>>> print(open('entry27.cif').read())   # mmCIF, C-alpha atoms
data_final
#
loop_
_atom_site.group_PDB
_atom_site.id
_atom_site.type_symbol
_atom_site.label_atom_id
_atom_site.label_comp_id
_atom_site.auth_asym_id
_atom_site.auth_seq_id
_atom_site.Cartn_x
_atom_site.Cartn_y
_atom_site.Cartn_z
ATOM 1 C CA MET A 1 62.743 140.653 122.942
ATOM 2 C CA LEU A 2 63.491 137.033 122.230
ATOM 3 C CA ARG A 3 61.595 135.549 119.361
ATOM 4 C CA VAL A 4 59.741 132.314 119.901
ATOM 5 C CA ALA A 5 59.152 130.948 116.473
ATOM 6 C CA LEU A 6 56.828 128.095 117.235
ATOM 7 C CA HIS A 7 53.594 129.692 118.438
ATOM 8 C CA ARG A 8 53.122 132.900 116.564
ATOM 9 C CA VAL A 9 49.694 133.621 115.161
ATOM 10 C CA VAL A 10 49.481 135.770 112.090
ATOM 11 C CA SER A 11 46.700 138.275 111.781
ATOM 12 C CA HIS A 12 44.089 137.964 109.071
ATOM 13 C CA ARG A 13 45.863 138.407 105.788
ATOM 14 C CA SER A 14 44.246 140.470 103.095
ATOM 15 C CA VAL A 15 44.457 139.353 99.523
ATOM 16 C CA HIS A 16 46.967 141.917 98.326
ATOM 17 C CA LEU A 17 49.930 141.724 100.683
ATOM 18 C CA THR A 18 52.912 143.995 100.716
ATOM 19 C CA LYS A 19 56.045 143.036 98.882
ATOM 20 C CA VAL A 20 57.745 141.648 102.000
ATOM 21 C CA ARG A 21 55.593 138.966 103.456
ATOM 22 C CA PRO A 22 55.349 138.242 107.177
ATOM 23 C CA SER A 23 56.260 134.772 108.364
ATOM 24 C CA MET A 24 53.498 132.319 108.937
ATOM 25 C CA VAL A 25 54.977 129.672 111.201
ATOM 26 C CA VAL A 26 52.064 128.734 113.373
ATOM 27 C CA GLY A 27 52.049 125.710 115.640
ATOM 28 C CA PHE A 28 53.733 122.499 114.555
ATOM 29 C CA GLY A 29 53.595 121.993 110.846
ATOM 30 C CA GLY A 30 50.754 124.316 110.070
ATOM 31 C CA PRO A 31 47.818 126.281 111.416
ATOM 32 C CA VAL A 32 45.672 124.257 113.750
ATOM 33 C CA GLN A 33 42.184 123.674 112.423
ATOM 34 C CA LEU A 34 39.529 122.501 114.794
ATOM 35 C CA ALA A 35 36.843 120.318 113.341
ATOM 36 C CA GLU A 36 34.118 122.939 113.653
ATOM 37 C CA ASN A 37 36.279 125.718 112.203
ATOM 38 C CA ARG A 38 37.832 123.698 109.439
ATOM 39 C CA ASP A 39 38.147 125.580 106.206
ATOM 40 C CA PRO A 40 37.581 123.008 103.431
ATOM 41 C CA ASN A 41 39.605 125.076 100.986
ATOM 42 C CA VAL A 42 42.769 124.775 103.063
ATOM 43 C CA ASN A 43 44.833 121.611 103.026
ATOM 44 C CA PRO A 44 44.677 120.101 106.548
ATOM 45 C CA ILE A 45 47.817 117.978 106.158
ATOM 46 C CA PHE A 46 49.989 120.603 104.545
ATOM 47 C CA HIS A 47 53.558 120.261 105.671
ATOM 48 C CA GLU A 48 56.710 121.914 104.418
ATOM 49 C CA SER A 49 60.174 122.080 105.909
ATOM 50 C CA LEU A 50 63.784 122.250 104.846
ATOM 51 C CA THR A 51 63.705 118.512 104.247
ATOM 52 C CA ASN A 52 60.418 118.755 102.341
ATOM 53 C CA PRO A 53 60.506 122.140 100.618
ATOM 54 C CA ILE A 54 58.162 121.155 97.799
ATOM 55 C CA PRO A 55 54.959 119.859 99.392
ATOM 56 C CA ASP A 56 52.809 117.226 97.753
ATOM 57 C CA LYS A 57 49.777 119.470 97.651
ATOM 58 C CA PRO A 58 49.455 123.230 97.917
ATOM 59 C CA ARG A 59 48.253 124.870 101.073
ATOM 60 C CA THR A 60 45.092 126.112 99.376
ATOM 61 C CA LEU A 61 43.157 123.422 97.577
ATOM 62 C CA LYS A 62 40.299 125.487 96.225
ATOM 63 C CA TYR A 63 40.645 129.097 95.220
ATOM 64 C CA THR A 64 37.811 131.525 95.796
ATOM 65 C CA GLY A 65 37.283 135.157 95.036
ATOM 66 C CA ASP A 66 40.200 137.267 93.904
ATOM 67 C CA LEU A 67 42.592 134.369 94.222
ATOM 68 C CA ALA A 68 40.536 132.427 91.682
ATOM 69 C CA THR A 69 41.108 135.131 89.072
ATOM 70 C CA LEU A 70 44.793 135.142 89.911
ATOM 71 C CA LYS A 71 44.891 131.384 89.476
ATOM 72 C CA GLU A 72 43.413 131.761 86.004
ATOM 73 C CA MET A 73 45.977 134.403 85.140
ATOM 74 C CA GLU A 74 48.693 131.991 86.266
ATOM 75 C CA VAL A 75 47.923 129.859 83.220
ATOM 76 C CA GLY A 76 48.642 132.808 81.004
ATOM 77 C CA ASP A 77 51.639 135.073 80.780
ATOM 78 C CA TRP A 78 53.395 135.592 84.096
ATOM 79 C CA LYS A 79 54.650 138.975 82.993
ATOM 80 C CA LYS A 80 51.090 140.244 83.361
ATOM 81 C CA LEU A 81 51.120 139.475 87.087
ATOM 82 C CA SER A 82 52.524 142.159 89.343
ATOM 83 C CA VAL A 83 54.923 141.365 92.143
ATOM 84 C CA GLU A 84 52.144 141.643 94.724
ATOM 85 C CA GLU A 85 49.943 139.245 92.786
ATOM 86 C CA GLN A 86 52.775 136.782 92.412
ATOM 87 C CA MET A 87 53.382 137.025 96.155
ATOM 88 C CA ASP A 88 49.697 136.379 96.771
ATOM 89 C CA LEU A 89 49.896 133.223 94.716
ATOM 90 C CA TYR A 90 52.998 132.207 96.618
ATOM 91 C CA ASN A 91 51.387 132.822 99.997
ATOM 92 C CA SER A 92 48.309 130.868 99.001
ATOM 93 C CA TYR A 93 50.439 127.973 97.817
ATOM 94 C CA PHE A 94 53.051 127.814 100.584
ATOM 95 C CA GLY A 95 53.011 128.621 104.264
ATOM 96 C CA THR A 96 56.452 130.063 104.825
ATOM 97 C CA SER A 97 59.564 130.922 102.896
ATOM 98 C CA ILE A 98 62.839 129.043 102.936
ATOM 99 C CA ALA A 99 64.600 131.951 104.591
ATOM 100 C CA ASP A 100 62.034 131.617 107.366
ATOM 101 C CA MET A 101 62.889 127.976 107.839
ATOM 102 C CA CYS A 102 66.609 128.714 107.975
ATOM 103 C CA ARG A 103 66.704 131.548 110.436
ATOM 104 C CA ASP A 104 68.149 131.277 113.915
ATOM 105 C CA GLN A 105 65.732 130.673 116.717
ATOM 106 C CA ASP A 106 66.036 132.044 120.227
ATOM 107 C CA GLY A 107 63.419 130.012 122.010
ATOM 108 C CA TRP A 108 65.875 127.672 123.652
ATOM 109 C CA LYS A 109 67.473 130.568 125.516
ATOM 110 C CA SER A 110 64.184 131.414 127.207
ATOM 111 C CA VAL A 111 63.595 127.804 128.138
ATOM 112 C CA LEU A 112 67.121 127.342 129.488
ATOM 113 C CA GLY A 113 66.915 130.533 131.517
ATOM 114 C CA ALA A 114 63.563 129.607 133.030
ATOM 115 C CA GLY A 115 64.840 126.131 133.870
ATOM 116 C CA MET A 116 67.902 127.560 135.573
ATOM 117 C CA ILE A 117 65.718 129.914 137.608
ATOM 118 C CA PHE A 118 63.544 127.066 138.862
ATOM 119 C CA ILE A 119 66.547 124.877 139.674
ATOM 120 C CA SER A 120 68.268 127.674 141.561
ATOM 121 C CA PHE A 121 65.080 128.316 143.539
ATOM 122 C CA GLY A 122 65.050 124.711 144.620
ATOM 123 C CA LEU A 123 68.704 124.785 145.589
ATOM 124 C CA LEU A 124 68.200 127.984 147.618
ATOM 125 C CA LEU A 125 65.372 126.283 149.447
ATOM 126 C CA HIS A 126 67.657 123.381 150.333
ATOM 127 C CA LEU A 127 70.310 125.768 151.608
ATOM 128 C CA PHE A 128 67.835 127.681 153.758
ATOM 129 C CA ILE A 129 66.472 124.515 155.325
ATOM 130 C CA HIS A 130 69.964 123.223 156.023
ATOM 131 C CA LEU A 131 71.149 126.436 157.628
ATOM 132 C CA TYR A 132 68.116 127.581 159.635
ATOM 133 C CA ILE A 133 65.600 124.796 160.013
ATOM 134 C CA ASN A 134 67.405 121.501 160.425
ATOM 135 C CA PRO A 135 69.323 120.843 163.661
ATOM 136 C CA PRO A 136 73.089 120.665 163.186
ATOM 137 C CA TYR A 137 74.411 117.299 162.066
ATOM 138 C CA VAL A 138 75.628 115.155 164.949
ATOM 139 C CA TRP A 139 78.313 112.600 164.258
ATOM 140 C CA THR A 140 77.499 110.050 166.904
ATOM 141 C CA THR A 141 80.373 107.835 165.862
ATOM 142 C CA LEU A 142 82.840 110.438 167.065
ATOM 143 C CA ASP A 143 81.575 110.457 170.652
ATOM 144 C CA GLU A 144 84.094 109.411 173.254
ATOM 145 C CA ASP A 145 81.905 106.548 174.511
ATOM 146 C CA TRP A 146 81.338 105.266 171.008
ATOM 147 C CA VAL A 147 85.048 105.285 170.169
ATOM 148 C CA LYS A 148 85.933 103.520 173.398
ATOM 149 C CA ALA A 149 83.278 100.872 172.806
ATOM 150 C CA SER A 150 84.509 100.291 169.249
ATOM 151 C CA ILE A 151 88.114 99.854 170.421
ATOM 152 C CA LYS A 152 86.954 97.406 173.079
ATOM 153 C CA ARG A 153 85.081 95.412 170.445
ATOM 154 C CA GLN A 154 88.128 95.323 168.219
ATOM 155 C CA ILE A 155 90.230 93.970 171.061
ATOM 156 C CA GLN A 156 87.604 91.375 171.960
ATOM 157 C CA SER A 157 87.422 90.124 168.365
ATOM 158 C CA HIS A 158 91.221 90.183 167.879
ATOM 159 C CA ALA A 159 90.875 92.520 164.950
ATOM 160 C CA GLY A 160 94.138 94.093 163.850
ATOM 161 C CA ASP A 161 96.400 91.638 165.785
ATOM 162 C CA ILE A 162 99.512 92.502 163.787
ATOM 163 C CA THR A 163 99.458 96.252 163.448
ATOM 164 C CA GLY A 164 96.149 97.319 165.094
ATOM 165 C CA TYR A 165 94.744 97.721 168.556
ATOM 166 C CA SER A 166 94.861 94.011 169.419
ATOM 167 C CA SER A 167 98.617 93.892 168.851
ATOM 168 C CA LYS A 168 99.127 96.450 171.592
ATOM 169 C CA TRP A 169 96.846 94.771 174.131
ATOM 170 C CA ASP A 170 98.294 92.348 176.619
ATOM 171 C CA TYR A 171 95.699 89.573 176.726
ATOM 172 C CA ALA A 172 97.397 87.705 179.594
ATOM 173 C CA ASN A 173 97.299 90.603 181.979
ATOM 174 C CA ASN A 174 94.257 92.405 180.569
ATOM 175 C CA ARG A 175 95.993 95.694 180.001
ATOM 176 C CA TRP A 176 97.863 97.687 177.399
ATOM 177 C CA LYS A 177 101.348 96.481 176.653
ATOM 178 C CA MET B 178 72.977 102.722 88.565
ATOM 179 C CA PHE B 179 71.100 99.521 87.850
ATOM 180 C CA ARG B 180 69.858 99.422 91.434
ATOM 181 C CA SER B 181 68.325 102.840 91.013
ATOM 182 C CA VAL B 182 66.723 101.813 87.729
ATOM 183 C CA LEU B 183 65.200 98.760 89.438
ATOM 184 C CA ARG B 184 63.905 100.951 92.233
ATOM 185 C CA LEU B 185 62.385 103.310 89.697
ATOM 186 C CA ALA B 186 60.684 100.410 87.967
ATOM 187 C CA GLN B 187 59.026 99.589 91.279
ATOM 188 C CA VAL B 188 58.111 103.229 91.719
ATOM 189 C CA SER B 189 56.561 103.407 88.284
ATOM 190 C CA THR B 190 54.311 100.407 88.877
ATOM 191 C CA ARG B 191 53.273 101.868 92.202
ATOM 192 C CA PHE B 192 52.340 105.092 90.481
ATOM 193 C CA ASN B 193 50.120 103.146 88.133
ATOM 194 C CA GLN B 194 48.369 101.560 91.046
ATOM 195 C CA ILE B 195 47.640 104.908 92.614
ATOM 196 C CA VAL B 196 46.681 106.988 89.612
ATOM 197 C CA SER B 197 43.486 106.172 87.758
ATOM 198 C CA ALA B 198 43.650 104.356 84.460
ATOM 199 C CA LYS B 199 42.181 107.278 82.590
ATOM 200 C CA VAL B 200 45.243 109.389 83.222
ATOM 201 C CA VAL B 201 48.039 106.842 82.863
ATOM 202 C CA PRO B 202 48.382 104.214 80.147
ATOM 203 C CA LYS B 203 47.933 100.614 81.182
ATOM 204 C CA GLN B 204 51.488 99.440 80.612
ATOM 205 C CA ALA B 205 54.244 100.589 82.955
ATOM 206 C CA VAL B 206 55.616 104.018 82.206
ATOM 207 C CA SER B 207 59.268 103.860 81.337
ATOM 208 C CA PHE B 208 61.181 106.143 83.620
ATOM 209 C CA THR B 209 64.552 107.556 82.762
ATOM 210 C CA PRO B 210 66.686 107.713 85.897
ATOM 211 C CA LEU B 211 65.607 110.553 88.111
ATOM 212 C CA SER B 212 68.996 110.836 89.764
ATOM 213 C CA VAL B 213 71.942 111.156 87.480
ATOM 214 C CA LYS B 214 74.845 110.876 89.924
ATOM 215 C CA LYS B 215 77.039 107.792 89.634
ATOM 216 C CA TYR B 216 78.563 106.702 92.910
ATOM 217 C CA SER B 217 80.626 103.627 91.995
ATOM 218 C CA SER B 218 84.160 104.356 90.935
ATOM 219 C CA SER B 219 84.286 101.310 88.674
ATOM 220 C CA ALA B 220 81.481 102.620 86.490
ATOM 221 C CA VAL B 221 82.082 104.858 83.509
ATOM 222 C CA ALA B 222 82.822 108.359 84.671
ATOM 223 C CA VAL B 223 80.174 110.942 83.890
ATOM 224 C CA THR B 224 81.484 114.222 82.627
ATOM 225 C CA ASP B 225 79.990 117.505 83.693
ATOM 226 C CA GLU B 226 78.523 118.102 80.255
ATOM 227 C CA GLU B 227 76.799 114.724 80.243
ATOM 228 C CA HIS B 228 75.512 115.374 83.748
ATOM 229 C CA THR B 229 74.117 118.765 82.771
ATOM 230 C CA ALA B 230 72.634 117.419 79.567
ATOM 231 C CA ALA B 231 70.968 114.555 81.424
ATOM 232 C CA TRP B 232 69.323 116.900 83.888
ATOM 233 C CA ILE B 233 68.205 119.270 81.146
ATOM 234 C CA SER B 234 66.677 116.386 79.221
ATOM 235 C CA PHE B 235 64.902 115.313 82.420
ATOM 236 C CA PHE B 236 63.274 118.714 82.839
ATOM 237 C CA GLU B 237 62.309 118.784 79.174
ATOM 238 C CA ARG B 238 60.363 115.543 79.337
ATOM 239 C CA LYS B 239 57.061 115.540 77.562
ATOM 240 C CA ASP B 240 55.262 113.763 80.401
ATOM 241 C CA LEU B 241 56.561 115.996 83.150
ATOM 242 C CA ASP B 242 54.063 116.787 85.854
ATOM 243 C CA TYR B 243 54.207 118.111 89.407
ATOM 244 C CA VAL B 244 55.059 114.812 91.066
ATOM 245 C CA ILE B 245 57.854 113.929 88.645
ATOM 246 C CA PHE B 246 59.199 117.452 88.859
ATOM 247 C CA LYS B 247 59.223 117.293 92.653
ATOM 248 C CA ILE B 248 61.096 113.974 92.759
ATOM 249 C CA GLY B 249 63.605 115.102 90.153
ATOM 250 C CA PHE B 250 64.246 118.493 91.628
ATOM 251 C CA MET B 251 64.645 117.047 95.112
ATOM 252 C CA ASN B 252 67.261 114.663 93.726
ATOM 253 C CA LEU B 253 68.997 117.591 92.088
ATOM 254 C CA TYR B 254 68.808 119.575 95.332
ATOM 255 C CA GLN B 255 70.278 116.717 97.327
ATOM 256 C CA GLU B 256 73.301 116.429 95.093
ATOM 257 C CA ASP B 257 76.523 117.735 96.536
ATOM 258 C CA SER B 258 76.757 120.595 94.071
ATOM 259 C CA VAL B 259 75.004 123.759 93.058
ATOM 260 C CA PRO B 260 73.081 123.123 89.837
ATOM 261 C CA GLU B 261 74.317 124.719 86.656
ATOM 262 C CA PRO B 262 72.346 127.761 85.481
ATOM 263 C CA ALA B 263 71.257 125.793 82.413
ATOM 264 C CA ILE B 264 69.650 123.144 84.607
ATOM 265 C CA VAL B 265 67.877 125.770 86.719
ATOM 266 C CA GLN B 266 66.657 127.400 83.538
ATOM 267 C CA ALA B 267 65.276 124.076 82.332
ATOM 268 C CA ALA B 268 63.557 123.612 85.695
ATOM 269 C CA LEU B 269 61.981 127.082 85.513
ATOM 270 C CA TYR B 270 60.650 126.438 82.036
ATOM 271 C CA ALA B 271 59.310 123.123 83.272
ATOM 272 C CA CYS B 272 57.402 125.043 85.958
ATOM 273 C CA ARG B 273 56.098 127.296 83.232
ATOM 274 C CA ARG B 274 54.854 124.289 81.313
ATOM 275 C CA ILE B 275 52.943 122.944 84.306
ATOM 276 C CA ASN B 276 51.631 126.452 84.997
ATOM 277 C CA ASN B 277 52.914 126.643 88.558
ATOM 278 C CA LEU B 278 54.292 130.055 89.467
ATOM 279 C CA PRO B 279 54.885 129.487 93.215
ATOM 280 C CA LEU B 280 56.907 126.399 92.354
ATOM 281 C CA ALA B 281 59.224 128.482 90.196
ATOM 282 C CA MET B 282 59.704 130.903 93.062
ATOM 283 C CA ARG B 283 60.429 127.997 95.393
ATOM 284 C CA VAL B 284 62.991 126.686 92.876
ATOM 285 C CA LEU B 285 64.791 130.029 92.966
ATOM 286 C CA GLU B 286 64.693 130.033 96.763
ATOM 287 C CA MET B 287 66.157 126.558 96.911
ATOM 288 C CA VAL B 288 68.943 127.463 94.517
ATOM 289 C CA LYS B 289 69.804 130.429 96.729
ATOM 290 C CA ASN B 290 69.709 128.170 99.773
ATOM 291 C CA LYS B 291 71.994 125.720 98.007
ATOM 292 C CA CYS B 292 74.574 128.435 97.456
ATOM 293 C CA ASP B 293 74.735 128.991 101.232
ATOM 294 C CA ASP B 294 77.352 131.659 101.903
ATOM 295 C CA ARG B 295 78.891 131.602 98.427
ATOM 296 C CA GLN B 296 77.534 134.889 97.179
ATOM 297 C CA ASP B 297 79.735 134.769 94.108
ATOM 298 C CA ILE B 298 78.166 131.520 92.910
ATOM 299 C CA TYR B 299 74.674 132.880 93.484
ATOM 300 C CA ASP B 300 75.479 136.117 91.686
ATOM 301 C CA TYR B 301 76.801 134.143 88.739
ATOM 302 C CA ILE B 302 73.669 132.001 88.590
ATOM 303 C CA VAL B 303 71.388 135.035 88.761
ATOM 304 C CA GLN B 304 73.427 136.765 86.102
ATOM 305 C CA GLU B 305 73.120 133.752 83.803
ATOM 306 C CA LEU B 306 69.423 133.327 84.565
ATOM 307 C CA ARG B 307 68.496 136.971 84.054
ATOM 308 C CA PRO B 308 67.311 136.576 80.428
ATOM 309 C CA SER B 309 65.125 133.586 81.248
ATOM 310 C CA LEU B 310 63.713 135.300 84.343
ATOM 311 C CA ASP B 311 62.763 138.290 82.239
ATOM 312 C CA ASP B 312 61.305 136.029 79.592
ATOM 313 C CA LEU B 313 59.153 134.171 82.107
ATOM 314 C CA GLY B 314 58.194 137.228 84.136
ATOM 315 C CA LEU B 315 59.891 136.082 87.337
ATOM 316 C CA LYS B 316 61.988 138.092 89.716
ATOM 317 C CA THR B 317 64.866 137.097 91.948
ATOM 318 C CA VAL B 318 64.395 136.132 95.562
ATOM 319 C CA GLU B 319 65.640 139.525 96.775
ATOM 320 C CA GLU B 320 63.225 141.402 94.538
ATOM 321 C CA TYR B 321 60.338 139.372 95.900
ATOM 322 C CA GLY B 322 61.494 139.977 99.438
ATOM 323 C CA LEU B 323 61.571 136.274 100.211
ATOM 324 C CA ASP B 324 65.053 136.422 101.667
ATOM 325 C CA GLN B 325 63.974 138.777 104.454
ATOM 326 C CA VAL B 326 62.458 137.545 107.651
ATOM 327 C CA LEU B 327 60.257 139.878 109.595
ATOM 328 C CA ASP B 328 59.835 139.522 113.312
#
>>> encode(input="entry27.cif", output="structure tokens")
Amino acid sequence: MLRVALHRVVSHRSVHLTKVRPSMVVGFGGPVQLAENRDPNVNPIFHESLTNPIPDKPRTLKYTGDLATLKEMEVGDWKKLSVEEQMDLYNSYFGTSIADMCRDQDGWKSVLGAGMIFISFGLLLHLFIHLYINPPYVWTTLDEDWVKASIKRQIQSHAGDITGYSSKWDYANNRWK
Amino acid sequence: MFRSVLRLAQVSTRFNQIVSAKVVPKQAVSFTPLSVKKYSSSAVAVTDEEHTAAWISFFERKDLDYVIFKIGFMNLYQEDSVPEPAIVQAALYACRRINNLPLAMRVLEMVKNKCDDRQDIYDYIVQELRPSLDDLGLKTVEEYGLDQVLD
């Protein structure tokens, strides 16, 4: 199953996450917040990437509930925070980890494959029309009458009078030499 | 070097314009250079010890806050070298001083990212940082699980 990293929605995350956190790459640059659903505690212009790994503001601007107590404990000794609590603080501060930003993405393979399928469908359609629907190509310029008329015109206009048709035509007697 | 100092003087006045007067004194804050690398070959060569000491003194500034830390650490990250363990240690203690645990974890992640595929360099850094990590209550990136990517 190819992974498409851009549009993956993460389920509702409880406060105490497991040690290994799931990735949270949602949309372009962050979770989309509609005006009516906007959570005022979440930073709407949060952006982090490999070129901007330390954002200007955290992802969560105002801490509520259990996270608020964790935030107060952050001022104290960090040894008192368990790994899960430290990960909660991390997840509330950032959106994704650096390993997440660095991983290989497979989305382009899906897009390329779909594009090739559509192009080949179009080409097959062209082939079918050419073989079974269109009448066969007729090269009118290779008809006998056409060729004769073109040679006559060349002789009348004295075209090719050194090495062409006109050189072999006897103009005095109106016949080939 | 002087060009960067001039640029920093502009940056410092801009900071004063943005931040309210209650927080920042009225006269311009004197910035030590936030990037220590010297690019011109005609300038005095900087030894590794001076370089390390300069970065450590940057992270031990009294007026360090999140913004200054971010600018400085990004400059350090953009240098063409993996930072010395002593510099990383100074950065972690700076995070401790500004009471920002996720930032310390991000610092560790960035150091690991800087090592790229040189596992020996990363192992050396972790080995040197182990006492300070224990002192601060931090764990390595692997112990947090931040190096794994779930599908």
>>> resolve_selection(input="entry27.cif", expression="the PyMOL selection byres ((chain B and resi 229) around 10)", output="list in words")
Val213, Val223, Thr224, Asp225, Glu226, Glu227, His228, Ala230, Ala231, Trp232, Ile233, Ser234, Phe235, Pro260, Glu261, Pro262, Ala263 and Ile264 of chain B
>>> atom_distance(input="entry27.cif", atom1="CA of Arg59 (chain A)", atom2="CA of Leu327 (chain B)")
21.0 Å
>>> resolve_selection(input="entry27.cif", expression="the PyMOL selection byres ((chain A) within 9 of (chain B))", output="MDAnalysis selection string")
chainID A and resid 3 19:23 52:56 74:81 83:84 86:87 89:94 97:100 102:103
>>> atom_distance(input="entry27.cif", atom1="CA of Gly107 (chain A)", atom2="CA of Ser49 (chain A)")
18.2 Å
>>> axis_aligned_box(input="entry27.cif", around="region 146-155 of chain A", padding_each_side="5 Å", output="lines of an AutoDock Vina configuration file")
center_x = 85.8
center_y = 99.6
center_z = 170.8
size_x = 18.9
size_y = 21.3
size_z = 15.2
>>> atom_distance(input="entry27.cif", atom1="CA of Gln304 (chain B)", atom2="CA of Ala267 (chain B)")
15.5 Å
>>> decode(input="entry27.cif", residues="region 163-177 of chain A", atoms="N, CA and C atoms", output="CSV table (one decimal), in the first residue's frame")
chain,number,residue,atom,x,y,z
A,163,THR,N,19.0,19.2,-65.8
A,163,THR,CA,19.1,17.8,-65.4
A,163,THR,C,17.7,17.2,-65.2
A,164,GLY,N,16.6,18.0,-65.4
A,164,GLY,CA,15.2,17.6,-65.0
A,164,GLY,C,14.5,17.2,-66.3
A,165,TYR,N,13.1,17.2,-66.1
A,165,TYR,CA,12.3,16.8,-67.2
A,165,TYR,C,12.4,17.7,-68.4
A,166,SER,N,12.6,19.0,-68.2
A,166,SER,CA,12.6,19.9,-69.4
A,166,SER,C,13.8,19.7,-70.3
A,167,SER,N,14.9,19.2,-69.6
A,167,SER,CA,16.1,18.9,-70.5
A,167,SER,C,15.9,17.7,-71.4
A,168,LYS,N,14.9,16.9,-71.1
A,168,LYS,CA,14.7,15.7,-72.0
A,168,LYS,C,13.5,15.9,-73.0
A,169,TRP,N,13.0,17.1,-72.9
A,169,TRP,CA,11.8,17.4,-73.8
A,169,TRP,C,12.3,18.2,-75.0
A,170,ASP,N,11.9,17.8,-76.1
A,170,ASP,CA,12.2,18.5,-77.4
A,170,ASP,C,11.2,19.6,-77.6
A,171,TYR,N,11.5,20.8,-77.3
A,171,TYR,CA,10.5,21.9,-77.5
A,171,TYR,C,10.2,22.2,-78.9
A,172,ALA,N,11.1,21.9,-79.8
A,172,ALA,CA,10.8,22.3,-81.2
A,172,ALA,C,9.8,21.3,-81.8
A,173,ASN,N,10.0,20.1,-81.5
A,173,ASN,CA,9.0,19.1,-82.1
A,173,ASN,C,8.0,18.6,-81.1
A,174,ASN,N,7.9,19.2,-80.0
A,174,ASN,CA,6.8,18.8,-79.0
A,174,ASN,C,6.8,17.4,-78.7
A,175,ARG,N,8.0,16.8,-78.3
A,175,ARG,CA,8.0,15.4,-78.0
A,175,ARG,C,9.3,15.2,-77.1
A,176,TRP,N,9.3,13.9,-76.6
A,176,TRP,CA,10.5,13.6,-75.8
A,176,TRP,C,11.7,13.5,-76.8
A,177,LYS,N,12.9,13.8,-76.2
A,177,LYS,CA,14.1,13.7,-77.1
A,177,LYS,C,14.4,12.3,-77.4
